[in-house]
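Notes follow the structure.
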Amino acid sequence: MVGAFMNIPDVIDVSSFLQKNPNGAIRTVIYQTNKDLTNKTQSSNVVLWQIPKNHSLPAHKHPNGQDTWLIVSGCAKLIDDKDSQRIVQAGEIVVIDANQKHGIYNFSNDELILLSIVDINAGFVPLNNK
């Protein structure tokens with residue numbers, strides 16, 4: 001259409017954000033959306049987490065929004081409210097509702113890489129990690 005506004009999807013090269021040989025868990029915001037759909041703002045962050053062997057993303061909650069993880073590579077132990085000790089691995093998605101305890105511990109020899117998509121207004125509450 002001549003004169004029409006064209007909007008195309010963004011394509012993100014996740015590998016360009018990876019850091020070599022991290023000493024601990026690294027959090028990198030790789031994309032942020034901010035959309036106003038009929039005066040309803042929808043904003044989210046896409047966060048890349050790199051977690052080396054014997055490191056973790058400590059347990060926490062987001063009181064005001066959902067967090068969704070895509071495990072890109074590696075495997076790790078999920079930290080949750082029931083202390084389920086579930087193992088999550090590459091190709092799996094973890095959907096965390098608002099106010100649910102979550103974190104992850106990388107016990108494997110490989111680096112854990114996960115993508116988190118979380119509402120920027122979700123809030124953050126660190127939890128006592130025992």
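FYI, nothing fancy with the structure tokens labels: chains A, B, ... in order, residues from 1 per chain, ligands from 1 as they appear.
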Compile a residue-level contact table for region 62-92 of chain A against region 109-120 of chain A at a cut-off of 9 Å, reporting for every qualifying residue the shortest atom pair and its distance in Å to one decimal, with only C-alpha atoms counted, rows ordered by chain and ascending number, as CSV.
residue,atom,partner,partner_atom,distance
A:His62,CA,A:Val118,CA,8.9
A:Asn64,CA,A:Asp119,CA,8.3
A:Gly65,CA,A:Asp119,CA,5.9
A:Gln66,CA,A:Val118,CA,6.1
A:Asp67,CA,A:Val118,CA,4.5
A:Thr68,CA,A:Ile117,CA,5.2
A:Trp69,CA,A:Ser116,CA,4.5
A:Leu70,CA,A:Leu115,CA,5.1
A:Ile71,CA,A:Leu114,CA,4.4
A:Val72,CA,A:Leu114,CA,5.2
A:Ser73,CA,A:Ile113,CA,5.2
A:Gly74,CA,A:Leu112,CA,4.6
A:Cys75,CA,A:Leu112,CA,6.3
A:Ala76,CA,A:Leu112,CA,7.2
A:Gln89,CA,A:Leu112,CA,8.7
A:Ala90,CA,A:Ile113,CA,8.5
Which region 37-121 of chain A residues have any atom within 10 Å of an atom of region 19-23 of chain A, and for each, what is the nearest pair of atoms with distance in Å to one decimal, counting only C-alpha atoms, rows sorted by chain and number, as CSV?
residue,atom,partner,partner_atom,distance
A:Gln50,CA,A:Pro22,CA,7.5
A:Ile51,CA,A:Pro22,CA,7.7
A:Pro52,CA,A:Pro22,CA,6.7
A:Lys53,CA,A:Asn23,CA,9.5
A:His55,CA,A:Asn23,CA,8.9
A:Glu111,CA,A:Asn21,CA,8.9
Export N, CA and C atoms of the chosen residues as a PDB file, in the first residue's frame?
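Once written, result-v8.pdb looks like this:
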ATOM      1  N   GLN A  50      23.150 -16.022  31.342  1.00  0.00           N
ATOM      2  CA  GLN A  50      24.231 -16.994  31.197  1.00  0.00           C
ATOM      3  C   GLN A  50      24.640 -17.404  32.597  1.00  0.00           C
ATOM      4  N   ILE A  51      24.531 -18.698  32.871  1.00  0.00           N
ATOM      5  CA  ILE A  51      24.801 -19.179  34.222  1.00  0.00           C
ATOM      6  C   ILE A  51      25.800 -20.335  34.133  1.00  0.00           C
ATOM      7  N   PRO A  52      27.052 -20.092  34.556  1.00  0.00           N
ATOM      8  CA  PRO A  52      28.057 -21.156  34.486  1.00  0.00           C
ATOM      9  C   PRO A  52      27.832 -22.236  35.543  1.00  0.00           C
ATOM     10  N   LYS A  53      28.589 -23.315  35.412  1.00  0.00           N
ATOM     11  CA  LYS A  53      28.541 -24.439  36.353  1.00  0.00           C
ATOM     12  C   LYS A  53      28.675 -23.938  37.794  1.00  0.00           C
ATOM     13  N   HIS A  55      26.730 -22.151  39.567  1.00  0.00           N
ATOM     14  CA  HIS A  55      26.188 -20.815  39.836  1.00  0.00           C
ATOM     15  C   HIS A  55      24.678 -20.860  39.669  1.00  0.00           C
ATOM     16  N   GLU A 111      27.543 -24.540  30.427  1.00  0.00           N
ATOM     17  CA  GLU A 111      26.907 -23.263  30.727  1.00  0.00           C
ATOM     18  C   GLU A 111      25.405 -23.360  30.438  1.00  0.00           C
TER      19      GLU A 111
END
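Residue nearest Gly103 (chain A), chosen from A:Ser56, A:Asn7, A:Ser84, A:Thr28 and counting only C-alpha atoms: A:Ser56.
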Taking 6 positions as the minimum chain separation for residues in the same chain, which residues sit within 12 Å of region 9-12 of chain A when counting only C-alpha atoms? Answer as a tab-separated table (two decimals) with C-alpha atoms, in the first residue's frame.
chain	number	residue	atom	x	y	z
A	29	VAL	CA	18.57	-7.10	28.70
A	30	ILE	CA	18.66	-7.72	24.96
A	31	TYR	CA	15.32	-6.23	23.94
A	32	GLN	CA	12.58	-4.08	25.40
A	33	THR	CA	9.10	-3.60	24.00
A	46	VAL	CA	13.73	-10.02	26.89
A	47	VAL	CA	16.59	-10.96	29.18
A	48	LEU	CA	19.48	-13.26	28.35
A	115	LEU	CA	15.89	-16.32	27.79
Would you please give, as a CSV table (one decimal) with N, CA and C atoms, in the first residue's frame, all residues of chain A that DSSP assigns to helix (DSSP H, G or I) based on the backbone?
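Below is the file that was written, out-v7.csv:
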chain,number,residue,atom,x,y,z
A,14,VAL,N,20.8,-13.5,19.3
A,14,VAL,CA,21.1,-13.7,20.7
A,14,VAL,C,22.6,-14.0,20.8
A,15,SER,N,23.2,-14.7,19.9
A,15,SER,CA,24.6,-15.0,20.1
A,15,SER,C,25.5,-13.8,20.1
A,16,SER,N,25.1,-12.7,19.6
A,16,SER,CA,25.9,-11.5,19.6
A,16,SER,C,26.0,-10.9,21.0
A,17,PHE,N,25.1,-11.3,21.9
A,17,PHE,CA,25.1,-10.8,23.3
A,17,PHE,C,25.8,-11.7,24.3
